[in-house]
$ cat work_34.txt   # compact mmCIF, C-alpha atoms
# COMPACT_ATOMS: atom_id res chain seq x y z
CA MET A 26 115.91 95.08 97.42
CA THR A 27 115.28 97.40 94.49
CA ALA A 28 117.27 95.25 92.09
CA ASP A 29 115.16 92.33 93.17
CA LEU A 30 111.93 94.21 92.61
CA HIS A 31 112.35 94.13 88.84
CA HIS A 32 111.79 90.40 88.82
CA LEU A 33 108.52 90.45 90.71
CA ALA A 34 106.16 91.66 87.97
CA ALA A 35 105.02 88.16 87.02
CA ALA A 36 104.39 87.01 90.59
CA TYR A 37 102.71 90.33 91.30
CA ALA A 38 100.33 89.97 88.37
CA LEU A 39 99.33 86.55 89.72
CA ASN A 40 98.82 88.03 93.21
CA ALA A 41 101.53 85.65 94.40
CA LEU A 42 103.47 88.13 96.53
CA SER A 43 103.24 88.49 100.28
CA THR A 44 101.54 91.65 101.52
CA ARG A 45 104.87 93.27 102.29
CA GLU A 46 106.35 92.50 98.89
CA ARG A 47 103.16 93.61 97.21
CA ARG A 48 103.40 97.00 98.92
CA ALA A 49 107.06 97.37 98.02
CA PHE A 50 106.42 96.45 94.42
CA GLU A 51 103.43 98.76 94.14
CA ALA A 52 105.60 101.61 95.34
CA HIS A 53 108.11 100.74 92.65
CA TYR A 54 106.47 99.70 89.40
CA PRO A 55 104.39 102.75 88.47
CA ASP A 56 107.63 104.70 88.09
CA CYS A 57 109.51 101.90 86.35
CA GLY A 58 108.86 101.74 82.63
CA ILE A 59 109.87 98.10 82.27
CA CYS A 60 107.93 96.79 85.27
CA GLY A 61 104.91 98.92 84.42
CA ARG A 62 104.67 97.43 80.96
CA GLU A 63 105.26 93.92 82.28
CA VAL A 64 102.55 94.25 84.89
CA ALA A 65 100.11 95.37 82.18
CA GLU A 66 101.05 92.47 79.92
CA PHE A 67 101.06 89.83 82.64
CA ARG A 68 97.68 91.04 83.88
CA GLU A 69 96.21 90.46 80.46
CA THR A 70 97.88 87.06 80.48
CA ALA A 71 96.34 86.25 83.86
CA ALA A 72 92.96 87.37 82.52
CA ALA A 73 93.34 84.81 79.76
CA LEU A 74 94.02 82.16 82.41
CA ALA A 75 90.83 83.23 84.19
CA GLU A 76 89.04 82.81 80.88
CA GLY A 77 89.86 79.13 81.07
CA VAL A 78 87.85 78.52 84.24
CA VAL A 79 84.57 80.35 83.60
CA VAL A 80 81.70 79.01 85.73
CA GLU A 81 78.26 80.61 85.85
CA PRO A 82 77.27 81.56 89.41
CA PRO A 83 73.96 80.61 91.05
CA GLU A 84 71.02 82.54 89.58
CA ALA A 85 70.12 84.16 92.91
CA MET A 86 73.40 86.06 93.06
CA ARG A 87 72.32 88.46 90.33
CA ALA A 88 69.37 89.92 92.22
CA ARG A 89 71.43 90.28 95.39
CA VAL A 90 74.23 92.10 93.59
CA LEU A 91 71.87 94.47 91.82
CA ALA A 92 69.94 95.19 95.02
CA GLN A 93 73.17 96.09 96.79
CA VAL A 94 74.32 98.19 93.87
CA SER A 95 71.20 100.34 94.00
CA GLN A 96 72.09 101.24 97.58
CA THR A 97 75.79 101.78 97.07
CA ARG A 98 77.49 105.00 96.16
CA GLN A 99 80.17 104.92 93.51
CA LEU A 100 83.59 106.38 94.10
CA HIS A 101 84.22 109.66 92.41
CA ARG A 102 86.45 109.96 89.44
CA PRO A 103 89.90 111.29 90.27
CA VAL A 104 89.91 115.06 89.98
CA THR A 105 92.54 114.82 87.25
CA ASP A 106 89.79 113.40 85.07
CA ILE A 107 88.46 116.08 82.75
CA GLY A 108 84.84 115.14 83.18
CA ALA A 109 85.07 115.18 86.94
CA THR A 110 86.88 118.49 86.99
CA ARG A 111 84.17 120.03 84.91
CA ARG A 112 81.53 118.52 87.13
CA ARG A 113 83.04 119.64 90.38
CA GLY A 114 84.42 122.97 89.31
CA GLY A 115 87.16 125.04 90.83
CA GLN A 116 84.92 126.59 93.38
CA TRP A 117 84.27 123.22 94.95
CA LYS A 118 87.96 122.44 95.17
CA ARG A 119 88.69 125.70 96.90
CA GLY A 120 85.84 124.96 99.28
CA LEU A 121 87.47 121.67 100.21
CA VAL A 122 90.44 123.32 101.79
CA GLY A 123 88.15 125.11 104.15
CA LEU A 124 86.11 121.99 104.81
CA ALA A 125 89.11 119.98 105.78
CA ALA A 126 90.51 122.75 107.90
CA GLY A 127 87.50 122.90 110.14
CA LEU A 128 83.97 121.75 110.38
CA LEU A 129 82.79 125.07 111.76
CA LEU A 130 83.34 126.63 108.39
CA VAL A 131 80.99 124.11 106.90
CA VAL A 132 78.33 124.61 109.52
CA GLY A 133 78.85 128.31 109.13
CA GLY A 134 77.69 127.97 105.57
CA VAL A 135 80.75 127.86 103.38
CA ALA A 136 79.50 127.38 99.88
CA VAL A 137 79.25 123.68 99.24
CA ALA A 138 79.06 124.56 95.62
CA SER A 139 78.42 122.50 92.53
CA ARG A 140 78.72 118.77 92.07
CA SER A 141 75.41 116.99 92.22
CA GLY A 142 72.59 118.51 94.19
CA ALA A 143 71.94 115.19 95.89
CA ASP A 144 75.46 115.01 97.24
CA GLN A 145 75.29 118.52 98.50
CA THR A 146 72.02 117.91 100.29
CA GLU A 147 73.25 114.69 101.85
CA PHE A 148 76.41 116.34 103.01
CA ALA A 149 74.54 119.24 104.56
CA ALA A 150 72.15 116.81 106.25
CA LEU A 151 75.06 114.90 107.74
CA VAL A 152 76.79 117.99 109.07
CA GLU A 153 73.57 119.22 110.62
CA ALA A 154 72.43 115.87 112.03
CA PRO A 155 71.96 116.21 115.81
CA ASP A 156 73.88 113.01 116.45
CA ALA A 157 76.77 113.80 114.09
CA ILE A 158 80.12 113.08 115.70
CA VAL A 159 83.27 114.68 114.35
CA THR A 160 86.49 112.77 114.97
CA ALA A 161 89.92 114.09 114.12
CA LEU A 162 92.34 111.35 113.11
CA ASP A 163 95.99 111.68 114.04
CA PRO A 164 98.98 110.14 112.30
CA THR A 165 100.18 107.01 114.08
CA ASN A 166 103.63 107.36 112.52
CA ALA A 167 103.37 103.74 111.54
CA GLY A 168 105.38 104.43 108.42
CA SER A 169 108.33 105.96 110.19
CA THR A 170 108.67 103.31 112.90
CA ASP A 171 109.47 100.66 110.33
CA PRO A 172 113.21 100.88 109.71
CA SER A 173 113.09 98.28 106.94
CA SER A 174 110.59 100.28 104.97
CA THR A 175 112.10 101.26 101.65
CA ASP A 176 108.91 102.66 100.27
CA PRO A 177 110.08 105.78 98.44
CA SER A 178 106.55 107.14 98.18
CA SER A 179 106.03 107.38 101.92
CA THR A 180 106.57 110.87 103.14
CA ASP A 181 105.91 112.47 106.46
CA PRO A 182 102.28 111.76 107.28
CA GLY A 183 102.25 114.47 109.91
CA GLN A 184 101.16 117.12 107.43
CA ALA A 185 97.77 115.66 106.67
CA THR A 186 94.49 116.63 108.27
CA VAL A 187 91.88 113.91 108.46
CA GLN A 188 88.41 114.10 109.91
CA VAL A 189 85.50 111.71 109.97
CA ILE A 190 81.96 112.93 110.48
CA TRP A 191 79.48 110.23 111.33
CA SER A 192 75.79 110.08 112.01
CA ALA A 193 74.35 106.79 113.24
CA GLU A 194 70.84 108.00 112.57
CA LEU A 195 71.51 108.82 108.93
CA GLY A 196 73.80 105.83 108.48
CA THR A 197 76.22 108.11 106.69
CA LEU A 198 79.75 109.25 107.21
CA ALA A 199 82.02 111.70 105.50
CA VAL A 200 85.78 111.67 105.23
CA LEU A 201 87.42 115.07 104.94
CA ALA A 202 91.12 115.24 104.45
CA SER A 203 93.88 117.30 103.00
CA GLY A 204 97.58 116.72 102.55
CA LEU A 205 97.31 112.96 102.11
CA ASP A 206 100.08 111.16 100.26
CA GLU A 207 99.46 110.22 96.67
CA LEU A 208 98.68 106.57 96.06
CA GLY A 209 99.95 104.07 93.54
CA GLN A 210 97.66 103.19 90.68
CA ASP A 211 96.54 100.00 92.42
CA GLU A 212 96.07 101.41 95.87
CA THR A 213 93.26 103.01 97.74
CA TYR A 214 92.87 104.50 101.18
CA ALA A 215 90.54 102.48 103.35
CA LEU A 216 88.59 103.72 106.34
CA TRP A 217 88.01 101.22 109.13
CA LEU A 218 85.35 101.36 111.76
CA LEU A 219 87.13 100.32 114.94
CA SER A 220 85.05 98.51 117.51
CA GLU A 221 85.52 95.83 120.13
CA ALA A 222 84.87 93.24 117.47
CA GLY A 223 87.86 94.51 115.48
CA PRO A 224 88.17 96.67 112.36
CA VAL A 225 85.26 96.68 109.91
CA PRO A 226 85.56 98.13 106.39
CA ALA A 227 83.88 101.55 106.24
CA GLY A 228 84.65 102.68 102.74
CA LEU A 229 87.42 103.39 100.26
CA PHE A 230 88.62 106.73 99.03
CA ILE A 231 91.29 108.18 96.82
CA PRO A 232 92.59 111.72 97.34
CA SER A 233 92.62 114.26 94.56
CA GLU A 234 95.87 115.28 92.93
CA THR A 235 96.36 117.82 95.69
CA GLY A 236 95.84 115.25 98.44
CA GLU A 237 92.30 116.26 99.32
CA VAL A 238 89.40 114.03 100.14
CA HIS A 239 85.75 114.78 100.43
CA GLU A 240 83.86 111.56 100.38
CA LEU A 241 80.43 110.56 101.59
CA GLN A 242 79.95 106.91 102.48
CA VAL A 243 76.94 104.92 103.48
CA LEU A 244 77.53 103.02 106.69
CA GLY A 245 75.01 100.22 107.16
CA SER A 246 75.49 99.58 110.84
CA GLY A 247 78.17 99.46 113.46
CA GLU A 248 79.04 101.16 116.71
CA PRO A 249 82.46 102.71 116.28
CA THR A 250 84.81 103.31 119.17
CA GLY A 251 87.19 104.88 116.71
CA TRP A 252 88.28 105.20 113.10
CA GLY A 253 91.45 104.10 111.37
CA ILE A 254 92.92 104.56 107.92
CA THR A 255 95.21 102.21 106.01
CA ILE A 256 96.34 101.83 102.42
CA GLU A 257 94.85 98.81 100.68
CA PRO A 258 94.93 97.33 97.21
CA VAL A 259 92.25 98.64 94.87
CA GLY A 260 88.98 96.99 95.76
CA GLY A 261 89.79 97.06 99.44
CA SER A 262 90.34 94.21 101.87
CA ASP A 263 88.26 92.40 104.45
CA ALA A 264 90.73 93.33 107.15
CA PRO A 265 93.60 95.84 107.19
CA THR A 266 96.62 94.45 105.35
CA THR A 267 98.91 97.35 106.14
CA GLU A 268 99.67 99.38 109.23
CA VAL A 269 97.17 101.97 110.39
CA LEU A 270 98.38 105.40 109.27
CA TYR A 271 95.78 107.58 110.97
CA ALA A 272 93.53 106.83 113.90
CA GLY A 273 91.15 108.61 116.25
CA SER A 274 88.74 107.68 119.06
CA VAL A 275 85.10 108.58 118.83
CA MET B 11 81.66 94.11 78.54
CA GLN B 12 83.61 97.34 78.18
CA ALA B 13 80.76 99.49 76.87
CA ALA B 14 78.49 98.35 79.69
CA LEU B 15 81.19 99.02 82.29
CA LEU B 16 81.87 102.50 80.97
CA ARG B 17 78.19 103.32 81.15
CA SER B 18 78.07 101.82 84.65
CA GLY B 19 80.80 104.25 85.57
CA ARG B 20 78.34 107.07 85.05
CA GLY B 21 75.95 105.62 87.62
CA ASP B 22 73.82 103.65 85.13
CA GLU B 23 72.44 100.67 87.08
CA ALA B 24 70.81 99.09 84.04
CA ALA B 25 74.20 99.13 82.32
CA PHE B 26 75.71 97.47 85.36
CA ALA B 27 73.11 94.71 85.13
CA GLU B 28 74.22 94.22 81.54
CA PHE B 29 77.84 94.21 82.67
CA TYR B 30 76.97 91.65 85.35
CA ASP B 31 75.45 89.32 82.76
CA SER B 32 78.59 89.44 80.62
CA ALA B 33 81.05 89.13 83.51
CA ALA B 34 79.35 86.90 86.11
CA GLY B 35 80.80 83.61 84.89
CA PHE B 36 84.23 85.14 84.47
CA VAL B 37 84.27 86.56 88.01
CA TYR B 38 82.65 83.62 89.76
CA GLY B 39 84.80 81.14 87.84
CA ILE B 40 88.14 82.53 88.97
CA VAL B 41 86.93 83.15 92.52
CA LEU B 42 85.64 79.59 92.77
CA LYS B 43 88.88 78.26 91.33
CA VAL B 44 90.87 79.90 94.12
CA ILE B 45 88.46 79.55 97.04
CA LYS B 46 86.90 76.18 96.07
CA ASP B 47 84.02 76.48 98.55
CA PRO B 48 80.92 77.47 96.50
CA ALA B 49 79.14 79.37 99.29
CA MET B 50 82.17 81.45 100.17
CA SER B 51 82.91 81.99 96.48
CA GLU B 52 79.45 83.39 95.97
CA GLU B 53 79.88 85.74 98.92
CA VAL B 54 83.25 86.94 97.66
CA SER B 55 81.98 87.29 94.07
CA GLN B 56 79.19 89.49 95.34
CA GLU B 57 81.73 91.68 97.11
CA VAL B 58 83.77 91.81 93.92
CA PHE B 59 80.79 93.07 91.93
CA LEU B 60 80.06 95.68 94.54
CA ASP B 61 83.69 96.84 94.30
CA LEU B 62 83.46 96.89 90.52
CA TRP B 63 80.37 99.08 90.77
CA LYS B 64 82.09 101.48 93.16
CA LEU B 65 85.26 101.57 91.08
CA ALA B 66 83.59 101.71 87.67
CA PRO B 67 83.99 105.51 87.38
CA ARG B 68 87.73 104.98 87.65
CA PHE B 69 88.15 102.33 85.00
CA GLU B 70 90.44 103.65 82.29
CA PRO B 71 90.37 101.73 78.99
CA SER B 72 93.72 103.23 78.02
CA LYS B 73 95.43 101.36 80.86
CA GLY B 74 94.28 97.86 79.97
CA SER B 75 91.36 95.66 79.04
CA VAL B 76 88.18 95.27 81.07
CA LYS B 77 88.95 91.61 81.57
CA GLY B 78 92.41 92.41 82.86
CA TRP B 79 90.96 94.91 85.29
CA VAL B 80 88.08 92.69 86.43
CA SER B 81 90.15 89.55 86.83
CA THR B 82 92.83 91.41 88.81
CA ILE B 83 90.25 92.69 91.29
CA ALA B 84 88.37 89.38 91.51
CA HIS B 85 91.44 87.19 91.84
CA ARG B 86 93.04 89.43 94.42
CA LYS B 87 89.91 89.51 96.52
CA ALA B 88 89.70 85.71 96.39
CA VAL B 89 93.36 85.32 97.29
CA ASP B 90 93.09 87.77 100.16
CA ARG B 91 90.07 85.94 101.52
CA VAL B 92 91.86 82.60 101.40
CA ARG B 93 94.87 84.10 103.15
CA SER B 94 92.89 85.80 105.89
CA GLU B 95 91.00 82.55 106.50
CA GLN B 96 94.31 80.73 106.65
CA SER B 97 95.86 83.09 109.14
CA ARG B 98 92.74 82.86 111.27
CA ARG B 99 93.21 79.13 111.44
CA ASN B 100 96.18 77.83 113.31
CA ARG B 101 99.02 77.25 110.95
CA ASP B 102 100.14 74.16 112.76
CA GLU B 103 101.83 71.00 111.67
CA GLN B 104 98.58 69.53 110.42
CA ASP B 105 98.03 72.42 108.08
CA LEU B 106 101.48 72.00 106.61
CA ARG B 107 100.92 68.30 106.14
CA ASP B 108 97.67 69.01 104.29
CA ARG B 109 99.30 71.15 101.68
CA PRO B 110 100.80 68.56 99.37
CA ARG B 111 97.33 67.04 98.93
CA ASP B 112 95.89 70.43 98.27
CA TYR B 113 98.43 70.86 95.52
CA ASP B 114 97.56 67.60 93.79
CA VAL B 115 93.92 68.59 93.66
CA VAL B 116 94.70 71.94 92.11
CA VAL B 117 96.84 70.61 89.33
CA GLU B 118 94.43 67.79 88.58
CA THR B 119 91.32 69.90 88.30
CA VAL B 120 93.12 72.46 86.20
CA THR B 121 94.22 69.79 83.77
CA GLN B 122 90.76 68.22 83.66
CA ARG B 123 88.88 71.44 83.13
CA MET B 124 91.11 72.64 80.39
CA GLU B 125 91.14 69.80 77.97
CA TYR B 126 89.85 72.16 75.38
CA GLY B 127 90.38 75.73 74.32
CA ASP B 128 93.18 78.18 73.92
CA VAL B 129 94.16 78.17 77.57
CA ALA B 130 94.83 74.45 77.61
CA VAL B 131 96.79 74.65 74.39
CA ALA B 132 98.86 77.52 75.74
CA LEU B 133 99.53 75.77 79.04
CA GLU B 134 100.74 72.74 77.12
CA THR B 135 103.60 74.80 75.71
CA LEU B 136 105.02 75.30 79.20
CA THR B 137 107.46 72.88 80.76
CA ASP B 138 105.91 70.71 83.48
CA THR B 139 107.65 72.68 86.21
CA GLN B 140 106.59 76.03 84.76
CA ARG B 141 102.99 74.90 84.41
CA GLU B 142 103.03 73.60 87.97
CA ALA B 143 104.37 76.87 89.38
CA VAL B 144 101.98 79.08 87.38
CA THR B 145 98.86 77.04 88.16
CA LEU B 146 99.67 76.68 91.85
CA ALA B 147 100.20 80.41 92.12
CA TYR B 148 97.24 81.58 90.04
CA TYR B 149 94.59 78.89 90.34
CA GLY B 150 95.77 77.74 93.76
CA GLY B 151 96.08 81.31 95.09
CA HIS B 152 99.45 80.60 96.70
CA THR B 153 102.33 83.02 97.09
CA TYR B 154 105.50 82.03 95.28
CA ARG B 155 107.04 81.37 98.71
CA GLU B 156 104.28 78.92 99.54
CA VAL B 157 104.73 77.24 96.18
CA ALA B 158 108.44 76.92 96.87
CA ALA B 159 107.75 75.38 100.29
CA MET B 160 105.17 72.99 98.88
CA LEU B 161 107.51 71.73 96.20
CA ALA B 162 110.66 71.98 98.34
CA VAL B 163 112.31 74.07 95.65
CA PRO B 164 114.27 77.32 96.25
CA GLU B 165 112.16 80.48 96.13
CA GLY B 166 114.30 82.01 93.40
CA THR B 167 113.67 78.99 91.20
CA ILE B 168 109.91 79.33 91.61
CA LYS B 169 110.06 83.04 90.82
CA THR B 170 111.92 82.21 87.63
CA ARG B 171 109.51 79.43 86.64
CA ILE B 172 106.53 81.72 87.16
CA ARG B 173 108.18 84.45 85.17
CA ASP B 174 109.32 82.25 82.30
CA GLY B 175 105.97 80.52 82.23
CA LEU B 176 104.06 83.79 82.05
CA ILE B 177 106.31 85.14 79.32
CA LYS B 178 105.57 82.04 77.25
CA LEU B 179 101.84 82.33 77.91
CA ARG B 180 101.91 86.02 77.09
CA ASP B 181 103.42 85.22 73.72
CA GLN B 182 100.97 82.37 73.16
CA PHE B 183 98.01 84.61 73.90
CA GLY B 184 99.49 87.38 71.79
CA VAL B 185 99.18 89.85 74.62
CA THR B 186 100.47 93.34 73.95
CA ALA B 187 100.32 96.29 76.28
$ encode --input "work_34.txt" --output "C-alpha cells"
Amino acid sequence: MTADLHHLAAAYALNALSTRERRAFEAHYPDCGICGREVAEFRETAAALAEGVVVEPPEAMRARVLAQVSQTRQLHRPVTDIGATRRRGGQWKRGLVGLAAGLLLVVGGVAVASRSGADQTEFAALVEAPDAIVTALDPTNAGSTDPSSTDPSSTDPGQATVQVIWSAELGTLAVLASGLDELGQDETYALWLLSEAGPVPAGLFIPSETGEVHELQVLGSGEPTGWGITIEPVGGSDAPTTEVLYAGSV
Amino acid sequence: MQAALLRSGRGDEAAFAEFYDSAAGFVYGIVLKVIKDPAMSEEVSQEVFLDLWKLAPRFEPSKGSVKGWVSTIAHRKAVDRVRSEQSRRNRDEQDLRDRPRDYDVVVETVTQRMEYGDVAVALETLTDTQREAVTLAYYGGHTYREVAAMLAVPEGTIKTRIRDGLIKLRDQFGVTA
C-alpha cells in the first residue's frame, strides 16, 4: 500500500482519488518529501487548468456571499502562528486545559483571559445561557475497528476529552477539547449536528499544537439529538466522508 | 488576489469583497466546469467563498500560491458535491450507460473553450490519451477509477496517464514549488 501511495500525488492534486485513498494519501504525503513537493507542484498545475475555464458568476452572488461573510466567524490561526500566540497569550492556553476538563471551572469563573473581548463576552454568555446544554462526546473507536486502516497518524482516540456547549436561544455553540490527534495539512475536524434528518455541518475546527480546541461557532438553526465529529478535507464536506470519531447524545 | 486574501485573514470584510472580485470568475468557472448545472454551481461557489473567508486566517503564502489554494478548495468542494449527488441517486445500469455520453460532452466542451490561451497550448502537448485522462479527471470531476471504467482501460494505466500528463503540463506552465 505504502509503495503505491507514492504514485498518487497527481491524482490527489486533481481530487481524483476515492475518499479512502484520499485519507490514506493525506496521512502519508506531509511526511514524504517527494510526495509533498509533487502535491505542491501539481496543485499549481491544476490551478493553471482552472485558469482555462474562468466564467464570471451571476451578479447577485456577490451580495449574498458578502452578507453571509458578515455573519460568519473566521477560524482562528493555528496556535503555532506567532501572531496568534501573541494574541492569545500563555495564560489563555493554560486556561484551556481547565476549560476542557470541566465546565464547572468555567462557570466558577476561571479567567477566560485575553484574546478578543468580543470572543470572551460571547463565550461567557453561552456558558451562562439558561438553555445551554453541555454534551460530552465519547470516542466511537471507529479508527480501531477498521483492520485495513494503515493510517500511521491515527493513535488511540480514547485519550481525548471533547465537549459541546450549545444554546438554541443564542444560536451559538462551543467546542472544547483536549488531547485530539494532530491533523494533516489538508484536514480539519468537523462537528456534525445529528438529527433525525441526518448529519448537518456545524462547524470546522483545528486543534492547537497540543491538541486543544476552544472554538465558538454560530449555529443558524437545527434541533440536535446529538453531536458527532469526523475528520474532513479542508473546507469541510456537505456530509461526513469519514467515520465518526466522537459522538454524544444531547 | 493574495494581498486582499491576507488582509481578509485579519477579519477585513472590505478586503474580502476585493478578494471576491478578483477570484469570483476563477472559483465559479471551475465549479461550473465540474458540476455543469448553473444553479447548483452558484450554490456551491457561495459555500466555497464562505469557506475561504473562514479559512483565510490560515492561508500561508509560503506553502503555495493563492490560486493553488483557492482552486484546490473550490474544485474539491465541487467534486464532493457531484459525488454525494451521485451516491444519492441509484447507481443502476442506466447510470452506467449514461457515462460514455457524459464523457464525450466533457472532452468536447474543454476543447471548444480552450481554443486560445496558454492552457490550450499546454494541453496540446499531451498525447491524446493523456489529455483525455487529465481532462476527465479534473474537468469531469471523476476519480481515476471511474475514468478507467469509462474508457475500459486498466486503473494503473489511467494513473500513469494522469501522472505523465500532469508532469508535462507542470513543465509547460513552468511550475516550481
$ interface_residues --input "work_34.txt" --of "chain B" --to "chain A" --cutoff "6 Å" --atoms "only C-alpha atoms" --output "PyMOL selection string"
chain B and resi 35-36+38-40+56+61+64-65+67-68+77-78+81+129+147-148+152-154+173+180+187
$ write_last_selection --input "work_34.txt" --atoms "C-alpha atoms" --output "CSV table (one decimal), keeping the file's coordinate frame"
chain,number,residue,atom,x,y,z
B,35,GLY,CA,80.8,83.6,84.9
B,36,PHE,CA,84.2,85.1,84.5
B,38,TYR,CA,82.6,83.6,89.8
B,39,GLY,CA,84.8,81.1,87.8
B,40,ILE,CA,88.1,82.5,89.0
B,56,GLN,CA,79.2,89.5,95.3
B,61,ASP,CA,83.7,96.8,94.3
B,64,LYS,CA,82.1,101.5,93.2
B,65,LEU,CA,85.3,101.6,91.1
B,67,PRO,CA,84.0,105.5,87.4
B,68,ARG,CA,87.7,105.0,87.6
B,77,LYS,CA,89.0,91.6,81.6
B,78,GLY,CA,92.4,92.4,82.9
B,81,SER,CA,90.2,89.6,86.8
B,129,VAL,CA,94.2,78.2,77.6
B,147,ALA,CA,100.2,80.4,92.1
B,148,TYR,CA,97.2,81.6,90.0
B,152,HIS,CA,99.4,80.6,96.7
B,153,THR,CA,102.3,83.0,97.1
B,154,TYR,CA,105.5,82.0,95.3
B,173,ARG,CA,108.2,84.4,85.2
B,180,ARG,CA,101.9,86.0,77.1
B,187,ALA,CA,100.3,96.3,76.3
$ axis_aligned_box --input "work_34.txt" --around "region 159-163 of chain A" --padding-each-side "3 Å" --output "JSON"
{"center_x": 89.6, "center_y": 113.0, "center_z": 114.0, "size_x": 18.7, "size_y": 9.3, "size_z": 7.9}
$ atom_distance --input "work_34.txt" --atom1 "CA of Val37 (chain B)" --atom2 "CA of Tyr149 (chain B)"
13.1 Å
$ closest_residue --input "work_34.txt" --among "B:Ala13, B:Gln96, B:Gln182, B:Glu57" --to "Ile83 (chain B)" --atoms "all atoms listed in the file"
B:Glu57
$ residues_around --input "work_34.txt" --residues "Ser75 (chain B)" --least-positions-apart "5" --cutoff "9 Å" --atoms "all atoms listed in the file" --output "list in words"
Glu69 of chain A; Gln12, Glu70 and Val80 of chain B
$ atom_distance --input "work_34.txt" --atom1 "CA of Gln140 (chain B)" --atom2 "CA of Ile168 (chain B)"
8.3 Å
$ residues_around --input "work_34.txt" --residues "Ala24 (chain B)" --least-positions-apart "5" --cutoff "12 Å" --atoms "all atoms listed in the file" --output "list of chain:residue names"
A:Leu91, A:Ala92, A:Val94, A:Ser95, B:Ala14, B:Leu15, B:Leu16, B:Arg17, B:Ser18, B:Gly19, B:Phe29, B:Tyr30, B:Asp31, B:Trp63
$ closest_residue --input "work_34.txt" --among "A:Glu153, A:Glu248, A:Glu147, A:Glu257" --to "Gly223 (chain A)" --atoms "all atoms listed in the file"
A:Glu248
$ atom_distance --input "work_34.txt" --atom1 "CA of Lys46 (chain B)" --atom2 "CA of Trp79 (chain B)"
22.0 Å
$ closest_residue --input "work_34.txt" --among "A:Gly209, A:Gly236, A:Pro226, A:Gly273" --to "Arg47 (chain A)" --atoms "only C-alpha atoms"
A:Gly209
$ residues_around --input "work_34.txt" --residues "Leu216 (chain A)" --least-positions-apart "2" --cutoff "6 Å" --atoms "all atoms listed in the file" --output "CSV table (one decimal) with C-alpha atoms, keeping the file's coordinate frame"
chain,number,residue,atom,x,y,z
A,227,ALA,CA,83.9,101.6,106.2
A,228,GLY,CA,84.6,102.7,102.7
A,253,GLY,CA,91.4,104.1,111.4
A,254,ILE,CA,92.9,104.6,107.9
$ residues_around --input "work_34.txt" --residues "Glu142 (chain B)" --least-positions-apart "3" --cutoff "9 Å" --atoms "all atoms listed in the file" --output "PDB file with C-alpha atoms, in the coordinates of the input"
ATOM      1  CA  VAL B 117      96.840  70.610  89.330  1.00  0.00           C
ATOM      2  CA  THR B 137     107.460  72.880  80.760  1.00  0.00           C
ATOM      3  CA  ASP B 138     105.910  70.710  83.480  1.00  0.00           C
ATOM      4  CA  THR B 139     107.650  72.680  86.210  1.00  0.00           C
ATOM      5  CA  THR B 145      98.860  77.040  88.160  1.00  0.00           C
ATOM      6  CA  LEU B 146      99.670  76.680  91.850  1.00  0.00           C
ATOM      7  CA  ALA B 147     100.200  80.410  92.120  1.00  0.00           C
ATOM      8  CA  ARG B 171     109.510  79.430  86.640  1.00  0.00           C
ATOM      9  CA  ILE B 172     106.530  81.720  87.160  1.00  0.00           C
TER      10      ILE B 172
END
$ closest_residue --input "work_34.txt" --among "A:Glu207, A:Glu46, A:Glu194, A:Glu268" --to "His31 (chain A)" --atoms "only C-alpha atoms"
A:Glu46
